[in-house]
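> My file is upload_37.txt. It has compact mmCIF, C-alpha atoms and all ligand atoms:
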```txt
# COMPACT_ATOMS: atom_id res chain seq x y z
CA MET A 1 0.00 0.00 0.00
CA SER A 2 1.29 3.39 -0.83
CA ARG A 3 -0.51 6.46 0.46
CA VAL A 4 0.21 9.97 -0.76
CA TYR A 5 0.21 13.24 1.15
CA ASN A 6 -3.03 14.84 -0.01
CA PHE A 7 -3.17 18.64 0.13
CA SER A 8 -6.64 18.89 -1.42
CA ALA A 9 -8.87 21.78 -0.34
CA GLY A 10 -11.80 19.39 -0.13
CA PRO A 11 -12.76 16.63 -0.02
CA SER A 12 -9.54 16.19 1.85
CA CYS A 13 -7.46 13.66 3.70
CA LEU A 14 -8.88 11.79 6.68
CA PRO A 15 -6.92 10.33 9.62
CA GLU A 16 -5.52 6.96 8.61
CA GLU A 17 -6.64 5.38 11.88
CA VAL A 18 -10.21 6.32 11.03
CA LEU A 19 -9.98 4.84 7.54
CA ASN A 20 -8.56 1.64 8.99
CA GLU A 21 -11.39 1.37 11.52
CA CYS A 22 -13.94 1.91 8.77
CA ALA A 23 -12.28 -0.77 6.68
CA ALA A 24 -12.27 -3.25 9.56
CA GLU A 25 -16.00 -2.68 10.16
CA MET A 26 -16.99 -2.49 6.51
CA LEU A 27 -18.63 -5.91 6.07
CA ASP A 28 -19.80 -6.57 9.60
CA TYR A 29 -20.45 -3.65 11.93
CA LYS A 30 -20.25 -4.88 15.53
CA GLY A 31 -21.72 -8.31 14.85
CA THR A 32 -24.76 -7.03 12.94
CA GLY A 33 -23.66 -8.82 9.78
CA GLN A 34 -24.13 -5.56 7.84
CA SER A 35 -22.17 -2.56 6.78
CA VAL A 36 -23.26 0.79 8.24
CA MET A 37 -23.92 1.75 4.59
CA GLU A 38 -26.69 -0.82 4.42
CA MET A 39 -28.49 -0.15 7.69
CA SER A 40 -31.83 1.46 8.30
CA HIS A 41 -31.30 4.82 9.91
CA ARG A 42 -34.06 3.91 12.34
CA SER A 43 -32.45 0.67 13.48
CA LYS A 44 -31.17 -0.15 16.97
CA ALA A 45 -27.67 -0.42 15.54
CA TYR A 46 -27.68 2.98 13.82
CA GLU A 47 -29.35 5.20 16.43
CA PRO A 48 -26.36 5.18 18.81
CA ILE A 49 -24.10 6.21 15.93
CA ILE A 50 -25.89 9.50 15.22
CA GLU A 51 -26.49 10.13 18.92
CA ASP A 52 -22.80 9.68 19.64
CA ALA A 53 -21.82 11.99 16.76
CA GLU A 54 -24.02 14.75 18.16
CA ALA A 55 -22.77 14.19 21.71
CA MET A 56 -19.17 14.39 20.48
CA VAL A 57 -19.81 17.67 18.63
CA ARG A 58 -21.33 19.08 21.82
CA LYS A 59 -18.42 17.89 23.91
CA LEU A 60 -15.55 18.91 21.65
CA MET A 61 -17.03 22.29 20.71
CA ASN A 62 -18.41 22.94 24.16
CA VAL A 63 -21.85 23.68 22.69
CA PRO A 64 -24.12 25.46 25.18
CA GLU A 65 -27.42 23.77 26.20
CA ASN A 66 -29.55 26.31 24.32
CA TYR A 67 -28.08 25.41 20.94
CA LYS A 68 -29.23 22.67 18.58
CA VAL A 69 -26.72 20.51 16.72
CA LEU A 70 -28.07 19.43 13.34
CA PHE A 71 -26.82 17.21 10.54
CA VAL A 72 -28.25 18.29 7.19
CA GLN A 73 -27.45 17.76 3.52
CA GLY A 74 -26.81 20.06 0.59
CA GLY A 75 -23.31 21.13 1.61
CA GLY A 76 -22.17 24.51 2.80
CA SER A 77 -23.71 26.05 -0.32
CA THR A 78 -27.26 25.16 0.72
CA GLN A 79 -26.67 26.99 4.00
CA PHE A 80 -26.23 30.22 2.06
CA ALA A 81 -29.98 30.06 1.29
CA MET A 82 -31.12 28.40 4.52
CA VAL A 83 -29.57 31.14 6.64
CA ALA A 84 -31.50 33.82 4.74
CA GLU A 85 -34.77 31.88 4.65
CA ASN A 86 -34.75 31.17 8.38
CA LEU A 87 -33.13 34.28 9.84
CA GLY A 88 -33.95 37.12 7.43
CA LEU A 89 -37.47 37.60 8.73
CA THR A 90 -37.94 40.88 10.57
CA PHE A 91 -36.02 43.61 8.74
CA LYS A 92 -35.29 41.49 5.68
CA LYS A 93 -31.85 43.01 5.90
CA ALA A 94 -28.45 41.54 6.72
CA ALA A 95 -24.81 42.66 7.01
CA TYR A 96 -22.15 40.71 5.14
CA ILE A 97 -18.38 41.01 5.33
CA GLU A 98 -16.95 40.24 1.91
CA THR A 99 -13.73 38.23 2.20
CA GLY A 100 -13.77 36.20 -0.98
CA VAL A 101 -15.70 33.70 -3.03
CA TRP A 102 -17.67 31.92 -0.32
CA ALA A 103 -18.81 35.10 1.43
CA LYS A 104 -19.83 36.59 -1.93
CA LYS A 105 -21.81 33.50 -2.88
CA ALA A 106 -23.61 33.59 0.46
CA ALA A 107 -24.49 37.26 0.00
CA ALA A 108 -25.70 36.66 -3.56
CA GLU A 109 -27.99 33.88 -2.40
CA ALA A 110 -29.53 36.08 0.32
CA LYS A 111 -30.09 38.83 -2.24
CA LYS A 112 -31.82 36.40 -4.53
CA LEU A 113 -34.25 35.62 -1.72
CA GLY A 114 -35.14 39.29 -1.30
CA ILE A 115 -32.83 40.13 1.61
CA ALA A 116 -31.32 43.62 1.47
CA VAL A 117 -27.62 42.83 1.72
CA ASP A 118 -25.31 45.46 3.18
CA VAL A 119 -21.69 44.69 2.41
CA ILE A 120 -20.28 46.51 5.44
CA ALA A 121 -16.63 45.72 4.73
CA SER A 122 -14.60 44.10 1.99
CA SER A 123 -11.01 43.14 1.29
CA LYS A 124 -11.57 43.19 -2.45
CA ASP A 125 -9.08 46.08 -2.80
CA LYS A 126 -6.18 43.65 -2.25
CA ASN A 127 -7.64 40.55 -3.88
CA TYR A 128 -8.99 39.35 -0.50
CA SER A 129 -5.52 38.80 0.93
CA TYR A 130 -6.54 40.04 4.39
CA ILE A 131 -9.49 40.14 6.78
CA PRO A 132 -11.00 43.60 7.28
CA ARG A 133 -11.18 44.78 10.88
CA VAL A 134 -14.81 45.38 11.89
CA GLU A 135 -14.96 45.77 15.65
CA LYS A 136 -18.64 46.49 16.02
CA ILE A 137 -21.68 45.86 13.87
CA THR A 138 -24.87 47.82 14.58
CA GLY A 139 -28.05 48.53 12.65
CA ASP A 140 -31.42 47.04 11.76
CA TYR A 141 -30.03 43.73 10.66
CA ASP A 142 -31.63 40.33 11.11
CA TYR A 143 -28.15 38.84 11.17
CA ALA A 144 -24.52 39.55 10.38
CA TYR A 145 -22.59 37.09 8.24
CA ILE A 146 -18.92 36.17 8.02
CA CYS A 147 -16.87 33.43 6.38
CA TYR A 148 -14.50 32.63 9.23
CA ASN A 149 -11.86 30.80 7.19
CA ASN A 150 -11.55 31.61 3.50
CA THR A 151 -10.56 28.36 1.88
CA ILE A 152 -9.67 29.83 -1.50
CA MET A 153 -7.92 33.02 -0.39
CA GLY A 154 -6.22 31.44 2.62
CA THR A 155 -7.36 33.98 5.19
CA HIS A 156 -8.82 33.55 8.65
CA TYR A 157 -10.37 35.84 11.25
CA GLU A 158 -8.20 36.42 14.28
CA TYR A 159 -11.09 38.16 16.05
CA ILE A 160 -14.84 37.82 16.34
CA PRO A 161 -16.80 40.99 15.43
CA ASP A 162 -18.99 42.28 18.24
CA THR A 163 -22.55 42.28 16.91
CA GLY A 164 -24.39 43.03 20.15
CA ASN A 165 -27.90 41.60 19.81
CA ILE A 166 -27.57 40.92 16.11
CA PRO A 167 -27.10 37.16 15.62
CA LEU A 168 -23.70 36.44 14.11
CA VAL A 169 -23.62 33.72 11.45
CA ALA A 170 -20.31 32.13 10.49
CA ASP A 171 -19.34 29.69 7.78
CA ILE A 172 -16.70 27.51 9.45
CA SER A 173 -16.58 24.85 6.72
CA SER A 174 -12.81 24.88 6.41
CA CYS A 175 -11.79 25.47 10.03
CA VAL A 176 -14.32 23.62 12.15
CA LEU A 177 -12.57 22.01 15.13
CA SER A 178 -9.17 23.18 13.93
CA GLU A 179 -9.05 25.38 17.04
CA PRO A 180 -11.23 26.20 20.04
CA LEU A 181 -14.18 28.47 19.21
CA ASP A 182 -16.59 30.16 21.61
CA VAL A 183 -19.93 28.97 20.21
CA SER A 184 -21.87 31.33 22.51
CA LYS A 185 -20.59 34.31 20.48
CA PHE A 186 -22.53 33.09 17.44
CA GLY A 187 -26.18 32.69 16.56
CA LEU A 188 -25.45 30.09 13.92
CA LEU A 189 -22.40 28.17 12.76
CA PHE A 190 -22.28 25.79 9.85
CA ALA A 191 -19.66 23.58 8.24
CA GLY A 192 -19.71 21.29 5.24
CA ALA A 193 -17.96 18.20 6.55
CA GLN A 194 -15.61 17.37 3.70
CA LYS A 195 -12.73 19.60 4.79
CA ASN A 196 -12.09 18.85 8.43
CA LEU A 197 -14.66 16.33 9.61
CA ALA A 198 -15.73 13.57 7.27
CA PRO A 199 -16.32 12.61 3.65
CA ALA A 200 -18.69 14.88 1.69
CA GLY A 201 -22.41 14.54 2.29
CA VAL A 202 -23.20 16.05 5.67
CA THR A 203 -23.25 19.64 6.90
CA LEU A 204 -23.01 20.42 10.57
CA VAL A 205 -25.27 23.23 11.78
CA ILE A 206 -25.12 24.66 15.30
CA ILE A 207 -27.94 27.12 15.93
CA ARG A 208 -29.24 28.96 18.98
CA GLU A 209 -32.69 27.56 19.71
CA ASP A 210 -34.52 30.89 19.84
CA LEU A 211 -33.39 31.65 16.27
CA ILE A 212 -35.23 28.65 14.83
CA PRO A 213 -38.55 29.84 13.38
CA GLU A 214 -41.64 27.71 12.81
CA PRO A 215 -41.45 26.44 9.21
CA GLU A 216 -44.50 28.55 8.24
CA ASN A 217 -42.73 31.71 9.46
CA CYS A 218 -39.69 31.26 7.22
CA LEU A 219 -39.51 33.36 4.05
CA PRO A 220 -42.50 32.57 1.80
CA GLY A 221 -41.97 29.45 -0.27
CA THR A 222 -39.23 27.98 1.92
CA PRO A 223 -39.26 24.23 1.28
CA THR A 224 -39.85 21.96 4.27
CA MET A 225 -36.32 20.59 3.98
CA LEU A 226 -34.83 24.09 4.22
CA ALA A 227 -36.50 25.00 7.51
CA TYR A 228 -34.13 24.36 10.43
CA LYS A 229 -37.15 23.40 12.55
CA THR A 230 -37.81 20.40 10.31
CA HIS A 231 -34.45 19.00 11.33
CA SER A 232 -34.31 20.22 14.93
CA GLU A 233 -37.71 18.67 15.73
CA ASN A 234 -36.73 15.34 14.32
CA GLY A 235 -33.25 14.78 15.66
CA SER A 236 -31.83 15.29 12.13
CA MET A 237 -33.93 12.28 11.06
CA TYR A 238 -36.86 13.96 9.28
CA ASN A 239 -35.73 12.05 6.23
CA THR A 240 -32.86 9.66 5.60
CA PRO A 241 -29.69 11.27 6.88
CA PRO A 242 -26.31 10.62 5.19
CA CYS A 243 -25.84 7.63 7.50
CA TYR A 244 -22.39 6.49 6.53
CA THR A 245 -20.90 9.98 6.47
CA ILE A 246 -22.22 10.63 9.97
CA TYR A 247 -20.65 7.35 11.09
CA VAL A 248 -17.25 8.44 9.76
CA LEU A 249 -17.78 11.89 11.29
CA GLY A 250 -18.22 10.23 14.71
CA LYS A 251 -14.95 8.38 14.28
CA VAL A 252 -13.11 11.55 13.27
CA LEU A 253 -14.49 13.30 16.36
CA HIS A 254 -13.17 10.51 18.59
CA TRP A 255 -9.82 10.82 16.82
CA ILE A 256 -9.83 14.57 17.58
CA GLU A 257 -10.63 13.84 21.22
CA LYS A 258 -7.76 11.33 21.46
CA ASN A 259 -5.44 13.97 20.03
CA GLY A 260 -6.26 16.64 22.58
CA GLY A 261 -9.59 18.02 21.36
CA ALA A 262 -9.85 21.50 19.85
CA GLU A 263 -6.81 22.69 21.84
CA GLY A 264 -4.79 19.71 20.65
CA MET A 265 -5.81 20.44 17.05
CA LEU A 266 -4.75 24.07 17.40
CA ARG A 267 -1.30 23.06 18.70
CA ARG A 268 -0.89 20.56 15.91
CA ASN A 269 -2.16 22.98 13.24
CA LYS A 270 -0.04 25.88 14.43
CA GLU A 271 3.06 23.73 14.36
CA LYS A 272 2.36 22.70 10.76
CA ALA A 273 1.33 26.16 9.55
CA ASP A 274 4.29 27.89 11.27
CA TYR A 275 6.65 25.42 9.64
CA LEU A 276 5.27 26.23 6.18
CA TYR A 277 4.82 30.02 6.59
CA ASN A 278 8.29 30.39 8.13
CA PHE A 279 9.74 28.65 5.13
CA LEU A 280 7.72 30.82 2.70
CA ASP A 281 8.62 34.06 4.48
CA LYS A 282 12.34 33.26 4.31
CA SER A 283 12.35 31.99 0.75
CA ASP A 284 13.40 34.14 -2.19
CA PHE A 285 11.74 31.73 -4.59
CA TYR A 286 8.26 31.43 -3.00
CA HIS A 287 6.00 33.79 -1.12
CA ALA A 288 2.71 33.49 0.72
CA THR A 289 -0.15 35.53 -0.78
CA THR A 290 -1.81 36.50 2.48
CA GLU A 291 -1.02 39.21 5.00
CA LYS A 292 0.30 38.38 8.46
CA GLY A 293 -2.49 38.71 10.99
CA SER A 294 -5.04 37.21 8.60
CA ARG A 295 -3.43 33.92 7.70
CA SER A 296 -5.28 30.65 7.68
CA LEU A 297 -3.82 27.68 9.50
CA MET A 298 -5.71 25.43 7.10
CA ASN A 299 -5.21 26.76 3.57
CA VAL A 300 -1.88 28.17 2.46
CA PRO A 301 -1.78 29.65 -1.06
CA PHE A 302 1.67 30.56 -2.35
CA LEU A 303 3.29 31.89 -5.52
CA THR A 304 6.75 31.61 -7.01
CA LYS A 305 9.05 34.45 -8.03
CA TYR A 306 7.75 33.94 -11.58
CA SER A 307 4.36 35.30 -10.47
CA THR A 308 5.35 38.91 -10.94
CA GLY A 309 1.94 40.39 -11.54
CA ALA A 310 3.05 41.29 -15.09
CA SER A 311 0.29 40.50 -17.55
CA ASP A 312 2.23 40.31 -20.80
CA GLU A 313 1.98 37.00 -22.58
CA ALA A 314 5.58 35.92 -22.01
CA SER A 315 5.39 36.50 -18.24
CA LEU A 316 2.07 34.70 -17.94
CA ALA A 317 3.36 31.77 -19.97
CA LYS A 318 6.49 31.48 -17.82
CA GLU A 319 4.39 31.61 -14.66
CA LYS A 320 2.01 28.95 -15.91
CA GLU A 321 4.88 26.75 -17.01
CA ILE A 322 6.59 26.84 -13.61
CA ASN A 323 3.31 26.27 -11.70
CA ASP A 324 2.38 23.31 -13.87
CA LYS A 325 5.87 21.89 -13.46
CA PHE A 326 5.66 22.26 -9.67
CA VAL A 327 2.30 20.53 -9.43
CA LYS A 328 3.37 17.71 -11.73
CA GLU A 329 6.69 17.01 -10.04
CA ALA A 330 5.15 17.27 -6.58
CA ALA A 331 2.54 14.68 -7.54
CA ALA A 332 5.28 12.38 -8.82
CA ALA A 333 6.90 12.75 -5.39
CA GLY A 334 3.67 11.71 -3.64
CA LEU A 335 2.47 15.23 -2.78
CA VAL A 336 -0.87 15.64 -4.52
CA ASN A 337 -3.55 18.27 -5.17
CA LEU A 338 -1.31 21.32 -4.82
CA LYS A 339 -2.67 23.28 -7.76
CA GLY A 340 -3.79 26.74 -6.68
CA HIS A 341 -7.26 28.14 -7.22
CA ARG A 342 -7.44 30.17 -10.43
CA LEU A 343 -8.43 33.31 -8.50
CA VAL A 344 -5.12 33.31 -6.61
CA GLY A 345 -2.94 31.37 -9.02
CA GLY A 346 0.20 29.51 -8.03
CA MET A 347 -0.17 26.69 -5.54
CA ARG A 348 -2.24 26.01 -2.45
CA ALA A 349 -1.49 23.55 0.33
CA SER A 350 -4.51 22.68 2.42
CA ILE A 351 -3.26 21.32 5.71
CA TYR A 352 -6.39 20.36 7.61
CA ASN A 353 -6.47 18.53 10.95
CA ALA A 354 -5.68 15.15 9.40
CA MET A 355 -2.54 16.35 7.59
CA THR A 356 0.55 15.37 9.56
CA LEU A 357 3.62 17.45 10.35
CA ASP A 358 5.56 14.81 8.40
CA GLY A 359 3.44 15.66 5.37
CA VAL A 360 4.23 19.36 5.68
CA LYS A 361 7.93 18.63 6.16
CA ALA A 362 7.90 16.46 3.05
CA LEU A 363 6.29 19.33 1.14
CA VAL A 364 8.90 21.84 2.32
CA THR A 365 11.73 19.44 1.44
CA PHE A 366 10.29 19.12 -2.04
CA MET A 367 9.86 22.89 -2.34
CA GLU A 368 13.51 23.49 -1.41
CA LYS A 369 14.66 21.04 -4.03
CA PHE A 370 12.35 22.50 -6.68
CA ALA A 371 13.51 26.03 -5.91
CA LYS A 372 17.18 25.03 -6.37
CA GLU A 373 16.47 23.31 -9.65
CA ASN A 374 14.44 26.21 -11.04
CA ALA A 375 16.11 29.25 -9.55
C1 LIG B 1 -16.03 24.32 0.50
C2 LIG B 1 -16.68 25.49 1.11
C3 LIG B 1 -18.03 25.80 0.89
C4 LIG B 1 -18.90 25.02 -0.06
O1 LIG B 1 -19.19 23.79 0.45
P1 LIG B 1 -20.05 22.72 -0.37
O2 LIG B 1 -20.25 21.67 0.67
O3 LIG B 1 -19.25 22.28 -1.54
O4 LIG B 1 -21.32 23.39 -0.76
C5 LIG B 1 -18.56 26.87 1.54
N1 LIG B 1 -17.82 27.64 2.36
C6 LIG B 1 -16.52 27.38 2.59
C7 LIG B 1 -15.75 28.24 3.51
C8 LIG B 1 -15.91 26.29 1.97
O5 LIG B 1 -14.62 26.03 2.19
```
The structure in this file should be written as C-alpha cells.

Amino acid sequence: MSRVYNFSAGPSCLPEEVLNECAAEMLDYKGTGQSVMEMSHRSKAYEPIIEDAEAMVRKLMNVPENYKVLFVQGGGSTQFAMVAENLGLTFKKAAYIETGVWAKKAAAEAKKLGIAVDVIASSKDKNYSYIPRVEKITGDYDYAYICYNNTIMGTHYEYIPDTGNIPLVADISSCVLSEPLDVSKFGLLFAGAQKNLAPAGVTLVIIREDLIPEPENCLPGTPTMLAYKTHSENGSMYNTPPCYTIYVLGKVLHWIEKNGGAEGMLRRNKEKADYLYNFLDKSDFYHATTEKGSRSLMNVPFLTKYSTGASDEASLAKEKEINDKFVKEAAAAGLVNLKGHRLVGGMRASIYNAMTLDGVKALVTFMEKFAKENA
C-alpha cells in the first residue's frame, strides 16, 4: 500500500486510523452482519451512531445547552440560502463582510431571496488577501454574516466581530474544530464536513434555539427541507440522513478527542502552519499571498518568483509553465492536489487537521529542491 500526502482543499485527507477502523468494520459492523452503509437509519444499531456523533460535537465544541446541533445535507452552499430563509425575517436586511468567493456567494444567495444585503466591509481592494477589521456591527439587521476561514484566499479571522444583539452567522466549513471556538458568540455556525470532519455529504449546523422559526414563518416558499425546525424537531432524522458519512464523522471526532480536542488540534495545526509560513517568508523563490495577521492555519496559497503580476503574454506563460511543473513534479513525489485556485494562481497547500507534520515537512523538502532546480 502506498498512500500519498493529499493537500486537497476538499474533499480532503482523513486520519488513517479512522480509515482503517472503517475498513475493519466495513462488512460486519459490531456483529450485525451488515455494513453501516446498508443499515436502516431507524435501526437499533444505527441510532447510537448519530447520537454519539451529536454528543461528540457538543463535547468537543463545548456547545451550550440552548443550541441545537443538526446534521443536514446540501453542503455549505445550501446553507447560504437556509440562513437567509430562516433568519432574514424581521427587517429582511443583513450585514455581510466580503472576504472572498464563499462570502460573496452567500451574499448573492440572500439577495436572490429578497434580503437587502449590506456589504459593510470588503477586502476586495487587495484581492482578499486580508481580513477587514470590523470591531462592532450595529443597525437594523436580522443577522450579520462572516466566512470565518476563507478556503480559496487562505485567510482567517483572528477576532470575532462584536454584533451586540444581532445574531452572528459564520461559515466555518474549512476550520471547524481546527481550534477552540466560543460557540456562545454566534447565533449560527455551519460547516460542510468534507474539509475537516468527514467525507462529503453532511453539513453540521449549530444554531441557537430561539433563532429557529416555525417552518411557516420562514420566508414565503421555503421548502420543508430548508427549515431548520424540520431538522431540529426530528433529531436530524426527518428524512434519511447521510448515515455512513455521519458514522465516519463520529470516528473523526473521537480521533480529535484522542489527540487533545480542539486545543490539541490548534497546537498541531499551528506547528504545521508555522513550519510552512516560516519557510515561505524566508524563501526568495516562493512567497505566501496573504497578510500576516489574517493567515489561515488550514489553507496556504503561495506563488513563485515567476508570479510577478506582469500580464504580458511571455510572463504569464512562464508563470504557468513553472506552476504546472511544480504541481506535476510534486505529484510524482507523492504530494498531490497542490494546484492553486485560479483566483489566486500559483499553488495552495490545504493542511487540515488530518494532515501530519511529516506531510508538511515532506512538502517543504520538495519545495527546497524545486527552488534550487528552477532558480
Ligand atoms: C467548500 C466550502 C463551501 C462550499 O461547500 P459545499 O459543501 O461544496 O457546498 C462553503 N464555504 C466554505 C468556507 C468552503 O470552504
> All residues within 6 Å of ligand LIG 1 (chain B) are required, counting all atoms listed in the file; please report them as a PDB file with C-alpha atoms, keeping the file's coordinate frame.

```
ATOM      1  CA  GLY A  75     -23.310  21.130   1.610  1.00  0.00           C
ATOM      2  CA  GLY A  76     -22.170  24.510   2.800  1.00  0.00           C
ATOM      3  CA  SER A  77     -23.710  26.050  -0.320  1.00  0.00           C
ATOM      4  CA  TRP A 102     -17.670  31.920  -0.320  1.00  0.00           C
ATOM      5  CA  ASN A 149     -11.860  30.800   7.190  1.00  0.00           C
ATOM      6  CA  ASN A 150     -11.550  31.610   3.500  1.00  0.00           C
ATOM      7  CA  THR A 151     -10.560  28.360   1.880  1.00  0.00           C
ATOM      8  CA  ASP A 171     -19.340  29.690   7.780  1.00  0.00           C
ATOM      9  CA  SER A 173     -16.580  24.850   6.720  1.00  0.00           C
ATOM     10  CA  SER A 174     -12.810  24.880   6.410  1.00  0.00           C
ATOM     11  CA  GLY A 192     -19.710  21.290   5.240  1.00  0.00           C
TER      12      GLY A 192
END
```
> Within 9 Å of A:Phe80, counting only C-alpha atoms, which residues qualify if same-chain residues fewer than 6 places away don't, as a PyMOL selection string?
chain A and resi 103+105-110+171
> From the list A:Lys59, A:Lys112, A:Lys272, A:Arg208, which residue is nearest A:Met298 when using only C-alpha atoms?
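Residue with the minimum atom-to-atom distance to A:Met298: A:Lys272.
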> Which protein, DNA or RNA residues are at most 10 Å from (3.7, 30.9, -4.9) in the file's coordinates when you count only C-alpha atoms, listed as a PyMOL selection string?
chain A and resi 280+285-289+300-307+319+323+340+344-348
> Which is closest to A:Leu253 among A:Asp142, A:Glu54, A:Asp28, A:Glu47, if we use all atoms listed in the file?
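Counting all atoms listed in the file, the residue closest to A:Leu253 is A:Glu54.
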> Mind pulling up the distance from atom CA of A:Asp358 to atom CA of A:Leu204?
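Calculated distance between atom CA of A:Leu204 and atom CA of A:Asp358 is 29.2 Å.
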> Which residues are near A:Glu65? Cut-off 12 Å, only C-alpha atoms, ignore same chain within fewer than 5 positions. Put them as a ChimeraX atom specification.
/A:55,58-59,183-184,206-210
> Closest to A:Val101 among A:Ile146, A:Leu188, A:Leu27, A:Ala200, using all atoms listed in the file?
A:Ile146
> Report the closest atom pair, with its distance in Å rounded to one decimal, for each residue of stretch 161-227 of chain A that has an atom no farther than 8 Å from stretch 116-138 of chain A; count all atoms listed in the file, sort by chain and then rising residue number, and write it as a Markdown table.

```
| residue | atom | partner | partner_atom | distance |
| --- | --- | --- | --- | --- |
| A:Pro161 | CA | A:Glu135 | CA | 5.1 |
| A:Asp162 | CA | A:Lys136 | CA | 4.8 |
| A:Thr163 | CA | A:Ile137 | CA | 4.8 |
| A:Gly164 | CA | A:Thr138 | CA | 7.4 |
| A:Ile166 | CA | A:Thr138 | CA | 7.6 |
```
> Considering only C-alpha atoms, can you say which of A:Ala317, A:Leu357, A:Ala198, A:Ile351 comes closest to A:Leu14?
A:Ala198
> What's around A:Gly359 at 12 Å? Count only C-alpha atoms, leave out sequence neighbours fewer than 6 positions away in its own chain, and write the answer as a list in words.
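Selected residues are Arg3, Val4, Tyr5, Asn6, Phe7, Cys13, Lys272, Ala273, Tyr275, Leu276, Ala333, Gly334, Leu335, Val336, Ala349, Ser350, Ile351, Tyr352, Asn353, Thr365 and Phe366 of chain A.
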